[in-house]
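Visitor: Once you've had a glance at the structure underneath, I'll fire off some questions.
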Amino acid sequence: MSALPACPQCNSEFTYEDGGGLYICPECAHEWPQQAAAVAEEGAKVYRDSAGNVLQDGDTVSVIKDLKLKGSGGTVKMGTKVKNIRLVDNDHDIDCKIDGFGAMSLKTEFVKKV
C-alpha cells in the first residue's frame, strides 16, 4: 500500500483518496487536490489565496476587503485588481504595485485570484 500524505491542517495520518483526485481527512474534513500534495512534497512553498486557489508569480488578483494603509492614511478598496504579483517568502507573501498607491506588500488571505 502506498503512503498517503498527512493532512496539512491537523497532521492526521488517516487520510484517504477520493475518486475525483482529492485527498480527504476524516478527522477535520479538510479536502485538498492530489497535485497540491505532490508540489508540497517537493519542498516548494505553496501560496494560496483566500479561496484556496494556488497563486503563482505574474497572476492577477483582486482585494477581497477594504485594507487601511499604515502611514499614508489611504485605503485600498475591495475589488481593486492587482496585476503581475510577485510571491516572496516573507510576513506578507505578495509584493506588488497598485495604481494610485505604489509598491506595497499584501497577505494572501486578503486576495482572490482573478
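Ligands are numbered from 1 in the order shown, chains are lettered A, B, ... in the order of the C-alpha cells, and residues start at 1 in each chain.
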Name the residues in contact with A:Leu106 at a cut-off of 10 Å, using only C-alpha atoms, excluding same-chain residues fewer than 3 positions from it; report them as a list in words.

Guide: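 Close residues of A:Leu106: Val63, Leu67, Ile85, Leu87, Asp91, His92, Asp93, Ile94, Asp95, Cys96, Glu109, Phe110 and Val111 of chain A.
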
Visitor: Would you export the selected residues with all heavy atoms as an mmCIF file, in the first residue's frame, please?

Guide:
```cif
data_model
loop_
_atom_site.group_PDB
_atom_site.id
_atom_site.type_symbol
_atom_site.label_atom_id
_atom_site.label_comp_id
_atom_site.auth_asym_id
_atom_site.auth_seq_id
_atom_site.Cartn_x
_atom_site.Cartn_y
_atom_site.Cartn_z
ATOM 1 N N VAL A 63 -8.533 42.389 -4.432
ATOM 2 C CA VAL A 63 -8.587 42.536 -2.985
ATOM 3 C C VAL A 63 -10.008 42.213 -2.531
ATOM 4 O O VAL A 63 -10.977 42.685 -3.124
ATOM 5 C CB VAL A 63 -8.180 43.967 -2.574
ATOM 6 C CG1 VAL A 63 -8.257 44.160 -1.080
ATOM 7 C CG2 VAL A 63 -6.769 44.280 -3.081
ATOM 8 N N LEU A 67 -8.635 47.581 2.729
ATOM 9 C CA LEU A 67 -7.400 47.498 3.513
ATOM 10 C C LEU A 67 -6.900 48.897 3.818
ATOM 11 O O LEU A 67 -6.590 49.662 2.910
ATOM 12 C CB LEU A 67 -6.333 46.725 2.729
ATOM 13 C CG LEU A 67 -6.666 45.282 2.354
ATOM 14 C CD1 LEU A 67 -5.578 44.711 1.462
ATOM 15 C CD2 LEU A 67 -6.831 44.438 3.601
ATOM 16 N N ILE A 85 1.614 40.027 -9.824
ATOM 17 C CA ILE A 85 2.116 39.908 -8.459
ATOM 18 C C ILE A 85 3.420 39.124 -8.441
ATOM 19 O O ILE A 85 3.734 38.387 -9.360
ATOM 20 C CB ILE A 85 1.081 39.230 -7.542
ATOM 21 C CG1 ILE A 85 0.822 37.782 -7.978
ATOM 22 C CG2 ILE A 85 -0.190 40.032 -7.460
ATOM 23 C CD1 ILE A 85 0.013 36.974 -6.989
ATOM 24 N N LEU A 87 5.511 36.656 -5.690
ATOM 25 C CA LEU A 87 5.429 35.941 -4.423
ATOM 26 C C LEU A 87 6.792 35.925 -3.749
ATOM 27 O O LEU A 87 7.807 35.647 -4.385
ATOM 28 C CB LEU A 87 4.933 34.517 -4.659
ATOM 29 C CG LEU A 87 3.549 34.428 -5.306
ATOM 30 C CD1 LEU A 87 3.241 32.996 -5.699
ATOM 31 C CD2 LEU A 87 2.487 34.972 -4.393
ATOM 32 N N ASP A 91 6.698 37.915 5.734
ATOM 33 C CA ASP A 91 5.477 38.023 6.529
ATOM 34 C C ASP A 91 4.278 38.306 5.628
ATOM 35 O O ASP A 91 3.219 37.723 5.775
ATOM 36 C CB ASP A 91 5.649 39.132 7.566
ATOM 37 C CG ASP A 91 4.436 39.268 8.468
ATOM 38 O OD1 ASP A 91 3.767 38.245 8.706
ATOM 39 O OD2 ASP A 91 4.162 40.382 8.932
ATOM 40 N N HIS A 92 4.444 39.225 4.680
ATOM 41 C CA HIS A 92 3.439 39.493 3.655
ATOM 42 C C HIS A 92 3.917 38.773 2.396
ATOM 43 O O HIS A 92 5.013 39.014 1.916
ATOM 44 C CB HIS A 92 3.316 40.999 3.411
ATOM 45 C CG HIS A 92 2.697 41.734 4.564
ATOM 46 N ND1 HIS A 92 3.320 41.883 5.770
ATOM 47 C CD2 HIS A 92 1.498 42.339 4.679
ATOM 48 C CE1 HIS A 92 2.539 42.568 6.582
ATOM 49 N NE2 HIS A 92 1.416 42.853 5.951
ATOM 50 N N ASP A 93 3.090 37.891 1.863
ATOM 51 C CA ASP A 93 3.524 36.970 0.825
ATOM 52 C C ASP A 93 3.578 37.553 -0.576
ATOM 53 O O ASP A 93 4.173 36.971 -1.459
ATOM 54 C CB ASP A 93 2.595 35.750 0.800
ATOM 55 C CG ASP A 93 2.588 35.024 2.133
ATOM 56 O OD1 ASP A 93 3.657 34.910 2.743
ATOM 57 O OD2 ASP A 93 1.505 34.580 2.552
ATOM 58 N N ILE A 94 2.942 38.697 -0.814
ATOM 59 C CA ILE A 94 2.838 39.254 -2.164
ATOM 60 C C ILE A 94 3.479 40.637 -2.206
ATOM 61 O O ILE A 94 3.138 41.509 -1.415
ATOM 62 C CB ILE A 94 1.366 39.366 -2.596
ATOM 63 C CG1 ILE A 94 0.714 37.991 -2.627
ATOM 64 C CG2 ILE A 94 1.244 40.045 -3.950
ATOM 65 C CD1 ILE A 94 -0.777 38.024 -2.877
ATOM 66 N N ASP A 95 4.399 40.825 -3.149
ATOM 67 C CA ASP A 95 4.910 42.160 -3.473
ATOM 68 C C ASP A 95 4.237 42.579 -4.768
ATOM 69 O O ASP A 95 4.156 41.800 -5.718
ATOM 70 C CB ASP A 95 6.432 42.144 -3.672
ATOM 71 C CG ASP A 95 7.189 42.191 -2.354
ATOM 72 O OD1 ASP A 95 6.568 42.519 -1.324
ATOM 73 O OD2 ASP A 95 8.389 41.900 -2.358
ATOM 74 N N CYS A 96 3.745 43.822 -4.808
ATOM 75 C CA CYS A 96 3.019 44.269 -5.989
ATOM 76 C C CYS A 96 3.061 45.782 -6.091
ATOM 77 O O CYS A 96 3.564 46.463 -5.206
ATOM 78 C CB CYS A 96 1.564 43.797 -5.933
ATOM 79 S SG CYS A 96 0.669 44.425 -4.506
ATOM 80 N N GLU A 109 -4.171 36.059 2.325
ATOM 81 C CA GLU A 109 -5.505 35.850 2.872
ATOM 82 C C GLU A 109 -6.477 36.969 2.516
ATOM 83 O O GLU A 109 -7.687 36.831 2.701
ATOM 84 C CB GLU A 109 -5.438 35.698 4.382
ATOM 85 C CG GLU A 109 -4.912 36.927 5.102
ATOM 86 C CD GLU A 109 -4.491 36.650 6.528
ATOM 87 O OE1 GLU A 109 -3.573 35.838 6.727
ATOM 88 O OE2 GLU A 109 -5.092 37.252 7.419
ATOM 89 N N PHE A 110 -5.980 38.084 1.966
ATOM 90 C CA PHE A 110 -6.843 39.212 1.620
ATOM 91 C C PHE A 110 -7.030 39.384 0.118
ATOM 92 O O PHE A 110 -7.526 40.410 -0.324
ATOM 93 C CB PHE A 110 -6.294 40.519 2.205
ATOM 94 C CG PHE A 110 -6.230 40.490 3.700
ATOM 95 C CD1 PHE A 110 -5.031 40.685 4.354
ATOM 96 C CD2 PHE A 110 -7.362 40.279 4.460
ATOM 97 C CE1 PHE A 110 -4.954 40.655 5.731
ATOM 98 C CE2 PHE A 110 -7.298 40.244 5.846
ATOM 99 C CZ PHE A 110 -6.095 40.425 6.478
ATOM 100 N N VAL A 111 -6.626 38.399 -0.674
ATOM 101 C CA VAL A 111 -6.773 38.490 -2.121
ATOM 102 C C VAL A 111 -7.433 37.233 -2.666
ATOM 103 O O VAL A 111 -7.442 36.183 -2.017
ATOM 104 C CB VAL A 111 -5.417 38.715 -2.837
ATOM 105 C CG1 VAL A 111 -4.775 40.008 -2.393
ATOM 106 C CG2 VAL A 111 -4.482 37.548 -2.620
#
```

Visitor: Per DSSP on the backbone, what are the strand (DSSP E or B) residues of chain A, as JSON, numbers by chain?

Guide: {"A": [16, 17, 22, 23, 24, 31, 32, 33, 48, 54, 61, 62, 63, 67, 68, 75, 76, 81, 82, 86, 87, 94, 95, 96, 97, 98, 102, 103, 104, 105, 106, 111, 112, 113]}

Visitor: Expressed in Å to a single decimal, how great is the separation between atom CA of A:Ala51 and atom CA of A:Lys112?

Guide: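 Those two atoms sit 6.4 Å apart.
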
Visitor: Which residue is closest to A:Lys65? Choose from A:Arg86, A:His30, A:Lys45, A:Lys81 and count only C-alpha atoms.

Guide: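 That would be A:Lys81, the residue with the smallest distance to A:Lys65.
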
Visitor: When distances are computed from only C-alpha atoms, which of A:Glu13, A:Gly19, A:Lys83, A:Phe101 shows the smallest separation from A:Asp57?

Guide: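 Answer, going by the shortest atom-to-atom distance: A:Lys83.
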
Visitor: Closest to A:Ser72 among A:Asp59, A:Asp89, A:Asn53, A:Gly102, using only C-alpha atoms?

Guide: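 Among the listed residues, the smallest separation from A:Ser72 belongs to A:Gly102.
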
Visitor: Using only C-alpha atoms, which residue out of A:Glu27, A:Val82, A:Gly71, A:Lys77 lies closest to A:Lys97?

Guide: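 That would be A:Val82, the residue with the smallest distance to A:Lys97.
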
Visitor: At what distance in Å, to one decimal, does atom CA of A:Lys107 lie from atom CA of A:Gln35?

Guide: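 Taking atom CA of A:Gln35 as the start and atom CA of A:Lys107 as the end point, the length is 23.4 Å.
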
Visitor: Using DSSP secondary structure from the backbone, list all helix (DSSP H, G or I) positions within chain A, as a ChimeraX atom specification.

Guide: /A:34-41,108-110

Visitor: Give me the residues near A:Leu22 as a list of chain:residue names, where near means some atom within 8 Å (using only C-alpha atoms) and where sequence neighbours in that chain fewer than 5 positions away do not count.

Guide: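 Near neighbours after the sequence-gap exclusion: A:Glu17, A:Glu31, A:Trp32, A:Pro33, A:Gln34.
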
Visitor: Take the selection from the previous step and output its residues with N, CA, C and O atoms, as a PDB file, in the first residue's frame.

Guide:
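Once written, part.pdb looks like this:
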```pdb
ATOM      1  N   GLU A  17      -7.872   8.682  -0.309  1.00  0.00           N
ATOM      2  CA  GLU A  17      -8.059   9.249  -1.640  1.00  0.00           C
ATOM      3  C   GLU A  17      -9.521   9.200  -2.035  1.00  0.00           C
ATOM      4  O   GLU A  17     -10.215   8.215  -1.775  1.00  0.00           O
ATOM      5  N   GLU A  31     -10.238  18.874   2.625  1.00  0.00           N
ATOM      6  CA  GLU A  31     -10.012  18.264   1.314  1.00  0.00           C
ATOM      7  C   GLU A  31      -8.980  19.092   0.566  1.00  0.00           C
ATOM      8  O   GLU A  31      -9.006  20.314   0.624  1.00  0.00           O
ATOM      9  N   TRP A  32      -8.069  18.435  -0.146  1.00  0.00           N
ATOM     10  CA  TRP A  32      -7.088  19.141  -0.951  1.00  0.00           C
ATOM     11  C   TRP A  32      -6.735  18.301  -2.166  1.00  0.00           C
ATOM     12  O   TRP A  32      -6.806  17.082  -2.132  1.00  0.00           O
ATOM     13  N   PRO A  33      -6.385  18.962  -3.284  1.00  0.00           N
ATOM     14  CA  PRO A  33      -6.088  18.231  -4.513  1.00  0.00           C
ATOM     15  C   PRO A  33      -4.781  17.449  -4.413  1.00  0.00           C
ATOM     16  O   PRO A  33      -3.849  17.855  -3.729  1.00  0.00           O
ATOM     17  N   GLN A  34      -4.724  16.324  -5.116  1.00  0.00           N
ATOM     18  CA  GLN A  34      -3.529  15.493  -5.084  1.00  0.00           C
ATOM     19  C   GLN A  34      -2.342  16.202  -5.719  1.00  0.00           C
ATOM     20  O   GLN A  34      -1.217  15.998  -5.308  1.00  0.00           O
TER      21      GLN A  34
END
```

Visitor: Please measure the separation of atom CA of A:Gly58 and atom CA of A:Gly100, giving the value in Å to one decimal.

Guide: 19.6 Å
